[in-house]
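Comments concern the structure below.
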Amino acid sequence: MIGVLVVDDDFMVAGIHARFVEKTDGFTVVGVARNGEEALRLVDELAPELILLDVHLPDMSGLDVLQRLRAAGNVAGVVMVTADRDAEVVRAALHGGAMQYLVKPFEYPDLAARLLRVRATLALLEHGEADQESIDRAFGTAQPAGQPLPKGLSQETADLVGAALKDTGELSATECGERVGISRVSARRYLEHFVDEGHAVVRLNYGSAGRPERRYRWSTDQR
């Protein structure tokens, strides 16, 4: 379980982000900070493995928080979560050691996909040595296998749907949509794409009445 510290001066936004984190398997919120000094104090007290960090805080910039953490030798993962789109801010976050940069406002799948990417990177760092394929997956530079995604589908949400299918074993489109935070129709499009690519298989579950339910599971031939 990856402990997450949420840093945002807007308590409503912080609450939404905290709920998104708790909704994602393998992550839990260990604390919420409303300003930079509180964030630095809670990092020392709670030792989170991941920090969701806003740029605009009432006492200092989130970039200053990031800089002070790295100067102190803290290696917790940092995801900048902010409405700031300025290229200089993005560059400073990247050079300062942020692992991801997510622009507000966003939906749950957008954050969850990045959390899964961070988890892959943190898992990579637990081992003394990794092969290039693992490194590429962790840094998001792996080439997607098979055909490109159909128009209207995003790689981030596809990764999230795939992870839900692998973790759960078998899901209907409705169950997948609820788990990932997208509509049943959208979930079915991703699931059917995985079936077409050979990454997933589908079976028909015949009930007492009505049309059979399509249930999906990740193919055992896939990693």
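Chain labels run A, B, ... following the order of the structure tokens; each chain numbers its residues from 1, and ligands are numbered from 1 in the order shown.
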Each residue of range 33-111 of chain A with at least one atom at most 12 Å from range 181-194 of chain A should appear once, together with its nearest atom pair and the corresponding distance in Å (one decimal); atoms considered: only C-alpha atoms; ordering: chain, then increasing residue number; output as a tab-separated table.
residue	atom	partner	partner_atom	distance
A:Glu107	CA	A:Gly181	CA	8.3
A:Tyr108	CA	A:Gly181	CA	6.3
A:Pro109	CA	A:Gly181	CA	6.4
A:Asp110	CA	A:Gly181	CA	10.0
A:Leu111	CA	A:Gly181	CA	10.9
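Those residues in range 62-185 of chain A carrying a DSSP assignment of strand (DSSP E), computed from the backbone, are Gly77, Val78, Val79, Met80, Val81, Thr82, Gln100, Tyr101, Leu102, Val103, Leu171 and Ser172 of chain A.
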Go ahead and save the picked residues with N, CA and C atoms, as a tab-separated table (two decimals), in the first residue's frame.
chain	number	residue	atom	x	y	z
A	77	GLY	N	7.96	10.09	-4.14
A	77	GLY	CA	7.44	10.45	-5.45
A	77	GLY	C	6.55	11.68	-5.34
A	78	VAL	N	6.61	12.54	-6.34
A	78	VAL	CA	5.80	13.77	-6.34
A	78	VAL	C	5.04	13.88	-7.66
A	79	VAL	N	3.73	14.07	-7.55
A	79	VAL	CA	2.89	14.36	-8.70
A	79	VAL	C	2.37	15.78	-8.52
A	80	MET	N	2.76	16.68	-9.41
A	80	MET	CA	2.25	18.05	-9.36
A	80	MET	C	0.80	18.02	-9.84
A	81	VAL	N	-0.10	18.57	-9.04
A	81	VAL	CA	-1.52	18.61	-9.37
A	81	VAL	C	-1.95	20.07	-9.31
A	82	THR	N	-2.10	20.71	-10.44
A	82	THR	CA	-2.23	22.16	-10.46
A	82	THR	C	-2.96	22.64	-11.71
A	100	GLN	N	5.19	13.18	-12.25
A	100	GLN	CA	4.07	13.42	-13.14
A	100	GLN	C	3.58	14.84	-12.94
A	101	TYR	N	2.86	15.36	-13.92
A	101	TYR	CA	2.31	16.72	-13.85
A	101	TYR	C	0.90	16.64	-14.41
A	102	LEU	N	-0.10	16.91	-13.58
A	102	LEU	CA	-1.50	16.76	-13.97
A	102	LEU	C	-2.21	18.10	-13.80
A	103	VAL	N	-2.83	18.56	-14.88
A	103	VAL	CA	-3.47	19.87	-14.90
A	103	VAL	C	-4.94	19.77	-14.44
A	171	LEU	N	-14.79	-9.12	-15.20
A	171	LEU	CA	-15.66	-7.96	-15.01
A	171	LEU	C	-16.64	-7.85	-16.16
A	172	SER	N	-17.82	-7.33	-15.86
A	172	SER	CA	-18.72	-6.89	-16.91
A	172	SER	C	-18.37	-5.45	-17.24
What gap, in Å, lies between CA of Gly169 in chain A and CA of Arg215 in chain A?
10.2 Å
So that I can check the surroundings of Leu149 in chain A, please list as a PyMOL selection string every protein, DNA and RNA residue that reaches within 12 Å of it, counting only C-alpha atoms and ignoring chain neighbours fewer than 2 positions away.
chain A and resi 144-147+151-159+189-194+196-197
Find the residue from A:Met12, A:Leu5, A:Phe20, A:Arg217 that sits nearest to Glu45 in chain A; use only C-alpha atoms when measuring.
A:Leu5
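Here CA of Leu116 in chain A is placed at a distance of 18.0 Å from CA of Val75 in chain A.
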What gap, in Å, lies between CA of Thr168 in chain A and CA of Ala14 in chain A?
28.3 Å
Restricting the calculation to only C-alpha atoms: of A:Met1, A:Leu160, A:Ala173, A:Leu53, which residue gets closest to Lys104 in chain A?
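Closest candidate: A:Leu53.
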Quick one: residues within 10 Å of Ala71 in chain A, only C-alpha atoms counted, chain neighbours fewer than 5 positions away excluded, as a PyMOL selection string?
chain A and resi 65-66+96
Can I get the selection written as a compact mmCIF listing (two decimals), in the first residue's frame, with N, CA and C atoms?
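That gives us out.txt:
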# COMPACT_ATOMS: atom_id res chain seq x y z
N VAL A 65 8.46 23.74 -2.22
CA VAL A 65 8.32 22.54 -1.39
C VAL A 65 9.11 21.40 -2.01
N LEU A 66 8.94 21.21 -3.30
CA LEU A 66 9.66 20.15 -4.00
C LEU A 66 11.16 20.34 -3.88
N GLY A 96 12.98 19.59 -11.18
CA GLY A 96 13.02 19.43 -9.72
C GLY A 96 12.78 18.02 -9.25
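Among the candidates A:Gln132, A:Pro105, A:Leu42, A:Val90, the residue lying nearest to Val13 in chain A is A:Pro105 (atoms considered: only C-alpha atoms).
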Nearest to Lys23 in chain A, restricted to only C-alpha atoms and choosing among A:Leu115, A:Met60, A:Lys166, A:Ala87, comes out as A:Leu115
Please identify which residues in chain A DSSP calls helix (DSSP H, G or I) from the backbone, and express them as a compact mmCIF listing (two decimals) with N, CA, C and O atoms, in the first residue's frame.
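Below is the file that was written, out_4.txt:
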# COMPACT_ATOMS: atom_id res chain seq x y z
N PHE A 11 -9.87 23.10 0.58
CA PHE A 11 -10.23 21.87 1.29
C PHE A 11 -11.18 21.00 0.48
O PHE A 11 -11.17 19.76 0.59
N MET A 12 -12.02 21.62 -0.37
CA MET A 12 -12.94 20.82 -1.19
C MET A 12 -12.17 20.05 -2.26
O MET A 12 -12.42 18.87 -2.49
N VAL A 13 -11.23 20.73 -2.90
CA VAL A 13 -10.41 20.07 -3.92
C VAL A 13 -9.56 18.98 -3.28
O VAL A 13 -9.44 17.87 -3.83
N ALA A 14 -8.99 19.28 -2.12
CA ALA A 14 -8.18 18.27 -1.42
C ALA A 14 -9.02 17.04 -1.10
O ALA A 14 -8.55 15.90 -1.22
N GLY A 15 -10.26 17.26 -0.71
CA GLY A 15 -11.14 16.14 -0.40
C GLY A 15 -11.44 15.29 -1.62
O GLY A 15 -11.48 14.06 -1.54
N ILE A 16 -11.66 15.94 -2.75
CA ILE A 16 -11.92 15.20 -3.99
C ILE A 16 -10.70 14.37 -4.38
O ILE A 16 -10.81 13.19 -4.72
N HIS A 17 -9.52 14.99 -4.30
CA HIS A 17 -8.30 14.26 -4.66
C HIS A 17 -8.06 13.09 -3.71
O HIS A 17 -7.63 12.01 -4.14
N ALA A 18 -8.36 13.30 -2.43
CA ALA A 18 -8.18 12.23 -1.45
C ALA A 18 -9.12 11.07 -1.76
O ALA A 18 -8.73 9.90 -1.67
N ARG A 19 -10.35 11.37 -2.16
CA ARG A 19 -11.29 10.29 -2.51
C ARG A 19 -10.83 9.55 -3.75
O ARG A 19 -10.98 8.32 -3.84
N PHE A 20 -10.29 10.28 -4.72
CA PHE A 20 -9.75 9.63 -5.92
C PHE A 20 -8.63 8.65 -5.54
O PHE A 20 -8.55 7.54 -6.07
N VAL A 21 -7.76 9.10 -4.64
CA VAL A 21 -6.64 8.24 -4.23
C VAL A 21 -7.17 6.98 -3.55
O VAL A 21 -6.73 5.86 -3.85
N GLU A 22 -8.09 7.15 -2.62
CA GLU A 22 -8.62 6.00 -1.88
C GLU A 22 -9.37 5.03 -2.79
O GLU A 22 -9.46 3.84 -2.50
N LYS A 23 -9.87 5.53 -3.90
CA LYS A 23 -10.61 4.70 -4.85
C LYS A 23 -9.68 3.81 -5.67
O LYS A 23 -10.11 2.83 -6.28
N GLY A 36 2.51 24.95 2.41
CA GLY A 36 3.83 24.35 2.24
C GLY A 36 4.48 23.91 3.52
O GLY A 36 5.06 22.81 3.59
N GLU A 37 4.44 24.75 4.55
CA GLU A 37 5.07 24.39 5.83
C GLU A 37 4.42 23.16 6.44
O GLU A 37 5.11 22.29 6.97
N GLU A 38 3.10 23.08 6.35
CA GLU A 38 2.41 21.91 6.88
C GLU A 38 2.78 20.67 6.07
O GLU A 38 2.96 19.58 6.63
N ALA A 39 2.94 20.84 4.78
CA ALA A 39 3.33 19.72 3.93
C ALA A 39 4.69 19.19 4.34
O ALA A 39 4.89 17.97 4.48
N LEU A 40 5.65 20.09 4.52
CA LEU A 40 7.00 19.67 4.91
C LEU A 40 6.99 18.98 6.27
O LEU A 40 7.70 17.98 6.49
N ARG A 41 6.19 19.51 7.19
CA ARG A 41 6.11 18.89 8.52
C ARG A 41 5.50 17.49 8.45
O ARG A 41 6.01 16.54 9.08
N LEU A 42 4.42 17.35 7.67
CA LEU A 42 3.76 16.05 7.57
C LEU A 42 4.62 15.04 6.82
O LEU A 42 4.54 13.84 7.09
N VAL A 43 5.42 15.51 5.88
CA VAL A 43 6.35 14.60 5.20
C VAL A 43 7.31 13.99 6.22
O VAL A 43 7.58 12.78 6.21
N ASP A 44 7.82 14.81 7.14
CA ASP A 44 8.72 14.32 8.18
C ASP A 44 8.01 13.37 9.14
O ASP A 44 8.57 12.36 9.56
N GLU A 45 6.76 13.70 9.48
CA GLU A 45 6.03 12.91 10.47
C GLU A 45 5.47 11.62 9.89
O GLU A 45 5.49 10.57 10.56
N LEU A 46 4.95 11.68 8.67
CA LEU A 46 4.21 10.55 8.10
C LEU A 46 5.00 9.73 7.09
O LEU A 46 4.60 8.61 6.78
N GLY A 62 4.55 25.35 -4.49
CA GLY A 62 4.76 23.92 -4.44
C GLY A 62 6.11 23.53 -5.01
O GLY A 62 6.71 22.53 -4.60
N LEU A 63 6.61 24.34 -5.94
CA LEU A 63 7.95 24.10 -6.48
C LEU A 63 9.01 24.30 -5.40
O LEU A 63 10.03 23.59 -5.37
N ASP A 64 8.78 25.27 -4.50
CA ASP A 64 9.70 25.47 -3.38
C ASP A 64 9.66 24.27 -2.44
O ASP A 64 10.70 23.84 -1.91
N VAL A 65 8.46 23.74 -2.22
CA VAL A 65 8.32 22.54 -1.39
C VAL A 65 9.11 21.40 -2.01
O VAL A 65 9.87 20.69 -1.31
N LEU A 66 8.94 21.21 -3.30
CA LEU A 66 9.66 20.15 -4.00
C LEU A 66 11.16 20.34 -3.88
O LEU A 66 11.91 19.38 -3.60
N GLN A 67 11.63 21.57 -4.06
CA GLN A 67 13.07 21.85 -3.98
C GLN A 67 13.60 21.56 -2.59
O GLN A 67 14.69 20.96 -2.43
N ARG A 68 12.86 21.95 -1.55
CA ARG A 68 13.31 21.72 -0.18
C ARG A 68 13.32 20.23 0.16
O ARG A 68 14.21 19.75 0.88
N LEU A 69 12.36 19.49 -0.37
CA LEU A 69 12.34 18.05 -0.14
C LEU A 69 13.57 17.40 -0.75
O LEU A 69 14.25 16.58 -0.11
N ARG A 70 13.88 17.74 -1.99
CA ARG A 70 15.01 17.12 -2.66
C ARG A 70 16.33 17.56 -2.02
O ARG A 70 17.27 16.77 -1.90
N ALA A 71 16.40 18.82 -1.59
CA ALA A 71 17.62 19.29 -0.94
C ALA A 71 17.87 18.57 0.37
O ALA A 71 19.03 18.37 0.78
N ALA A 87 4.80 27.05 -19.12
CA ALA A 87 5.89 26.16 -19.52
C ALA A 87 7.06 26.22 -18.54
O ALA A 87 7.72 25.20 -18.29
N GLU A 88 7.32 27.39 -17.98
CA GLU A 88 8.42 27.53 -17.02
C GLU A 88 8.13 26.72 -15.75
O GLU A 88 9.04 26.12 -15.16
N VAL A 89 6.88 26.73 -15.34
CA VAL A 89 6.49 25.96 -14.15
C VAL A 89 6.64 24.47 -14.42
O VAL A 89 7.16 23.71 -13.60
N VAL A 90 6.17 24.04 -15.58
CA VAL A 90 6.28 22.63 -15.96
C VAL A 90 7.74 22.22 -16.02
O VAL A 90 8.14 21.15 -15.52
N ARG A 91 8.58 23.07 -16.61
CA ARG A 91 10.01 22.77 -16.72
C ARG A 91 10.66 22.68 -15.33
O ARG A 91 11.46 21.78 -15.07
N ALA A 92 10.29 23.60 -14.45
CA ALA A 92 10.84 23.58 -13.09
C ALA A 92 10.42 22.33 -12.34
O ALA A 92 11.21 21.74 -11.59
N ALA A 93 9.18 21.90 -12.54
CA ALA A 93 8.71 20.68 -11.89
C ALA A 93 9.47 19.47 -12.41
O ALA A 93 9.89 18.59 -11.63
N LEU A 94 9.68 19.42 -13.71
CA LEU A 94 10.40 18.30 -14.31
C LEU A 94 11.84 18.26 -13.81
O LEU A 94 12.34 17.21 -13.37
N HIS A 95 12.52 19.40 -13.85
CA HIS A 95 13.92 19.45 -13.42
C HIS A 95 14.04 19.26 -11.90
O HIS A 95 15.09 18.82 -11.42
N GLY A 96 12.98 19.59 -11.18
CA GLY A 96 13.02 19.43 -9.72
C GLY A 96 12.78 18.02 -9.25
O GLY A 96 12.95 17.72 -8.06
N TYR A 108 -11.35 11.31 -12.57
CA TYR A 108 -10.67 10.24 -11.82
C TYR A 108 -9.73 9.41 -12.69
O TYR A 108 -8.58 9.15 -12.27
N PRO A 109 -10.15 8.96 -13.88
CA PRO A 109 -9.22 8.12 -14.67
C PRO A 109 -7.90 8.80 -14.98
O PRO A 109 -6.87 8.14 -15.09
N ASP A 110 -7.92 10.15 -15.12
CA ASP A 110 -6.68 10.86 -15.41
C ASP A 110 -5.68 10.72 -14.27
O ASP A 110 -4.48 10.49 -14.49
N LEU A 111 -6.17 10.88 -13.04
CA LEU A 111 -5.27 10.74 -11.88
C LEU A 111 -4.89 9.29 -11.66
O LEU A 111 -3.73 8.97 -11.41
N ALA A 112 -5.88 8.39 -11.76
CA ALA A 112 -5.61 6.98 -11.49
C ALA A 112 -4.56 6.42 -12.44
O ALA A 112 -3.69 5.64 -12.03
N ALA A 113 -4.62 6.81 -13.71
CA ALA A 113 -3.63 6.33 -14.67
C ALA A 113 -2.22 6.76 -14.27
O ALA A 113 -1.26 6.00 -14.39
N ARG A 114 -2.10 7.97 -13.76
CA ARG A 114 -0.79 8.46 -13.34
C ARG A 114 -0.34 7.80 -12.04
O ARG A 114 0.85 7.54 -11.84
N LEU A 115 -1.28 7.52 -11.17
CA LEU A 115 -0.93 6.79 -9.95
C LEU A 115 -0.38 5.40 -10.28
O LEU A 115 0.60 4.95 -9.68
N LEU A 116 -1.00 4.75 -11.25
CA LEU A 116 -0.52 3.42 -11.65
C LEU A 116 0.87 3.52 -12.27
O LEU A 116 1.72 2.65 -12.07
N ARG A 117 1.11 4.60 -13.03
CA ARG A 117 2.43 4.80 -13.62
C ARG A 117 3.49 5.01 -12.53
O ARG A 117 4.59 4.46 -12.58
N VAL A 118 3.11 5.80 -11.51
CA VAL A 118 4.02 6.03 -10.39
C VAL A 118 4.29 4.73 -9.64
O VAL A 118 5.42 4.45 -9.25
N ARG A 119 3.24 3.94 -9.44
CA ARG A 119 3.43 2.67 -8.74
C ARG A 119 4.41 1.77 -9.48
O ARG A 119 5.26 1.12 -8.86
N ALA A 120 4.32 1.75 -10.81
CA ALA A 120 5.26 0.94 -11.59
C ALA A 120 6.68 1.42 -11.41
O ALA A 120 7.62 0.63 -11.29
N THR A 121 6.85 2.75 -11.36
CA THR A 121 8.19 3.30 -11.19
C THR A 121 8.73 3.01 -9.80
O THR A 121 9.90 2.63 -9.64
N LEU A 122 7.89 3.17 -8.77
CA LEU A 122 8.33 2.89 -7.41
C LEU A 122 8.68 1.42 -7.24
O LEU A 122 9.63 1.07 -6.54
N ALA A 123 7.90 0.55 -7.88
CA ALA A 123 8.20 -0.89 -7.80
C ALA A 123 9.54 -1.19 -8.46
O ALA A 123 10.32 -2.01 -7.98
N LEU A 124 9.82 -0.48 -9.56
CA LEU A 124 11.10 -0.67 -10.24
C LEU A 124 12.26 -0.30 -9.34
O LEU A 124 13.29 -0.98 -9.30
N LEU A 125 12.08 0.77 -8.56
CA LEU A 125 13.17 1.25 -7.71
C LEU A 125 13.41 0.38 -6.49
O LEU A 125 14.41 0.56 -5.80
N GLN A 132 15.58 -3.27 -19.65
CA GLN A 132 15.13 -2.09 -20.37
C GLN A 132 13.63 -2.07 -20.56
O GLN A 132 13.00 -0.99 -20.52
N GLU A 133 13.02 -3.24 -20.76
CA GLU A 133 11.58 -3.29 -20.94
C GLU A 133 10.84 -2.78 -19.71
O GLU A 133 9.88 -2.00 -19.81
N SER A 134 11.29 -3.19 -18.52
CA SER A 134 10.67 -2.73 -17.28
C SER A 134 10.87 -1.23 -17.10
O SER A 134 9.95 -0.52 -16.66
N ILE A 135 12.06 -0.75 -17.43
CA ILE A 135 12.34 0.68 -17.32
C ILE A 135 11.44 1.48 -18.26
O ILE A 135 10.88 2.52 -17.89
N ASP A 136 11.27 1.00 -19.49
CA ASP A 136 10.42 1.69 -20.45
C ASP A 136 8.98 1.75 -19.98
O ASP A 136 8.30 2.77 -20.13
N ARG A 137 8.49 0.65 -19.39
CA ARG A 137 7.11 0.65 -18.87
C ARG A 137 6.97 1.64 -17.73
O ARG A 137 5.99 2.37 -17.64
N ALA A 138 7.96 1.69 -16.86
CA ALA A 138 7.89 2.58 -15.70
C ALA A 138 7.90 4.04 -16.11
O ALA A 138 7.20 4.87 -15.53
N PHE A 139 8.69 4.37 -17.15
CA PHE A 139 8.81 5.76 -17.57
C PHE A 139 7.84 6.13 -18.69
O PHE A 139 7.86 7.25 -19.19
N GLN A 155 -4.82 6.26 -24.16
CA GLN A 155 -3.93 5.23 -23.62
C GLN A 155 -3.99 5.18 -22.11
O GLN A 155 -3.90 4.11 -21.50
N GLU A 156 -4.15 6.36 -21.47
CA GLU A 156 -4.20 6.40 -20.01
C GLU A 156 -5.39 5.59 -19.48
O GLU A 156 -5.26 4.78 -18.55
N THR A 157 -6.57 5.80 -20.08
CA THR A 157 -7.75 5.06 -19.62
C THR A 157 -7.66 3.60 -20.00
O THR A 157 -8.09 2.72 -19.25
N ALA A 158 -7.06 3.30 -21.16
CA ALA A 158 -6.86 1.90 -21.54
C ALA A 158 -5.98 1.19 -20.53
O ALA A 158 -6.26 0.04 -20.15
N ASP A 159 -4.93 1.86 -20.06
CA ASP A 159 -4.06 1.26 -19.04
C ASP A 159 -4.85 1.00 -17.76
O ASP A 159 -4.66 -0.03 -17.10
N LEU A 160 -5.74 1.92 -17.42
CA LEU A 160 -6.53 1.79 -16.20
C LEU A 160 -7.53 0.64 -16.31
O LEU A 160 -7.69 -0.16 -15.38
N VAL A 161 -8.19 0.53 -17.45
CA VAL A 161 -9.12 -0.58 -17.67
C VAL A 161 -8.38 -1.91 -17.65
O VAL A 161 -8.84 -2.90 -17.04
N GLY A 162 -7.22 -1.95 -18.30
CA GLY A 162 -6.44 -3.18 -18.31
C GLY A 162 -6.00 -3.59 -16.92
O GLY A 162 -6.06 -4.77 -16.56
N ALA A 163 -5.58 -2.62 -16.11
CA ALA A 163 -5.17 -2.92 -14.74
C ALA A 163 -6.33 -3.44 -13.92
O ALA A 163 -6.19 -4.38 -13.12
N ALA A 164 -7.51 -2.85 -14.09
CA ALA A 164 -8.70 -3.30 -13.36
C ALA A 164 -9.04 -4.74 -13.73
O ALA A 164 -9.39 -5.55 -12.87
N LEU A 165 -8.92 -5.06 -15.01
CA LEU A 165 -9.23 -6.41 -15.47
C LEU A 165 -8.23 -7.42 -14.92
O LEU A 165 -8.61 -8.52 -14.50
N LYS A 166 -6.96 -7.06 -14.91
CA LYS A 166 -5.93 -7.96 -14.38
C LYS A 166 -6.11 -8.18 -12.88
O LYS A 166 -5.95 -9.30 -12.38
N ASP A 167 -6.44 -7.11 -12.15
CA ASP A 167 -6.54 -7.21 -10.70
C ASP A 167 -7.79 -7.96 -10.25
O ASP A 167 -7.78 -8.61 -9.20
N THR A 168 -8.86 -7.87 -11.03
CA THR A 168 -10.16 -8.39 -10.59
C THR A 168 -10.40 -9.82 -11.05
O THR A 168 -11.06 -10.59 -10.36
N ALA A 173 -18.93 -4.92 -18.33
CA ALA A 173 -18.67 -3.53 -18.68
C ALA A 173 -19.19 -2.59 -17.59
O ALA A 173 -18.54 -1.58 -17.28
N THR A 174 -20.32 -2.93 -17.00
CA THR A 174 -20.88 -2.09 -15.93
C THR A 174 -19.95 -2.07 -14.73
O THR A 174 -19.65 -1.02 -14.16
N GLU A 175 -19.48 -3.25 -14.32
CA GLU A 175 -18.58 -3.34 -13.17
C GLU A 175 -17.27 -2.61 -13.44
O GLU A 175 -16.72 -1.93 -12.57
N CYS A 176 -16.76 -2.76 -14.66
CA CYS A 176 -15.50 -2.11 -15.02
C CYS A 176 -15.67 -0.59 -14.99
O CYS A 176 -14.82 0.13 -14.47
N GLY A 177 -16.79 -0.11 -15.54
CA GLY A 177 -17.03 1.33 -15.54
C GLY A 177 -17.10 1.90 -14.14
O GLY A 177 -16.54 2.97 -13.86
N GLU A 178 -17.77 1.18 -13.23
CA GLU A 178 -17.86 1.64 -11.85
C GLU A 178 -16.50 1.64 -11.17
O GLU A 178 -16.18 2.53 -10.39
N ARG A 179 -15.70 0.65 -11.48
CA ARG A 179 -14.39 0.52 -10.84
C ARG A 179 -13.43 1.60 -11.33
O ARG A 179 -12.65 2.16 -10.55
N VAL A 180 -13.48 1.90 -12.61
CA VAL A 180 -12.54 2.84 -13.21
C VAL A 180 -13.04 4.27 -13.12
O VAL A 180 -12.24 5.21 -13.08
N ARG A 184 -20.52 2.88 -18.64
CA ARG A 184 -20.55 1.49 -19.08
C ARG A 184 -20.22 1.38 -20.57
O ARG A 184 -19.49 0.49 -21.01
N VAL A 185 -20.75 2.32 -21.36
CA VAL A 185 -20.51 2.30 -22.80
C VAL A 185 -19.02 2.49 -23.10
O VAL A 185 -18.44 1.78 -23.93
N SER A 186 -18.39 3.44 -22.40
CA SER A 186 -16.95 3.66 -22.62
C SER A 186 -16.14 2.44 -22.19
O SER A 186 -15.22 2.02 -22.88
N ALA A 187 -16.50 1.88 -21.03
CA ALA A 187 -15.79 0.70 -20.55
C ALA A 187 -15.88 -0.44 -21.56
O ALA A 187 -14.89 -1.14 -21.83
N ARG A 188 -17.06 -0.62 -22.14
CA ARG A 188 -17.22 -1.71 -23.11
C ARG A 188 -16.36 -1.48 -24.34
O ARG A 188 -15.80 -2.43 -24.90
N ARG A 189 -16.19 -0.24 -24.77
CA ARG A 189 -15.35 0.04 -25.94
C ARG A 189 -13.90 -0.38 -25.67
O ARG A 189 -13.25 -0.99 -26.53
N TYR A 190 -13.41 -0.07 -24.48
CA TYR A 190 -12.04 -0.47 -24.13
C TYR A 190 -11.94 -1.98 -24.01
O TYR A 190 -10.97 -2.60 -24.49
N LEU A 191 -12.91 -2.59 -23.37
CA LEU A 191 -12.88 -4.05 -23.18
C LEU A 191 -12.95 -4.78 -24.52
O LEU A 191 -12.22 -5.75 -24.74
N GLU A 192 -13.79 -4.31 -25.41
CA GLU A 192 -13.90 -4.95 -26.72
C GLU A 192 -12.62 -4.75 -27.53
O GLU A 192 -12.22 -5.62 -28.31
N HIS A 193 -11.96 -3.61 -27.35
CA HIS A 193 -10.67 -3.40 -28.01
C HIS A 193 -9.65 -4.43 -27.53
O HIS A 193 -8.90 -4.99 -28.34
N PHE A 194 -9.63 -4.68 -26.22
CA PHE A 194 -8.71 -5.68 -25.69
C PHE A 194 -9.03 -7.06 -26.24
O PHE A 194 -8.12 -7.86 -26.52
N VAL A 195 -10.31 -7.36 -26.41
CA VAL A 195 -10.70 -8.64 -26.99
C VAL A 195 -10.21 -8.73 -28.43
O VAL A 195 -9.64 -9.74 -28.86
N ASP A 196 -10.43 -7.66 -29.20
CA ASP A 196 -10.00 -7.65 -30.60
C ASP A 196 -8.49 -7.82 -30.73
O ASP A 196 -7.99 -8.44 -31.68
N GLU A 197 -7.74 -7.27 -29.76
CA GLU A 197 -6.28 -7.36 -29.77
C GLU A 197 -5.77 -8.69 -29.24
O GLU A 197 -4.57 -8.98 -29.31
So that I can check the surroundings of Asp9 in chain A, please list as JSON, numbers by chain every protein, DNA and RNA residue that reaches within 8 Å of it, counting only C-alpha atoms and ignoring chain neighbours fewer than 3 positions away.
{"A": [14, 33, 34, 35, 57, 58]}
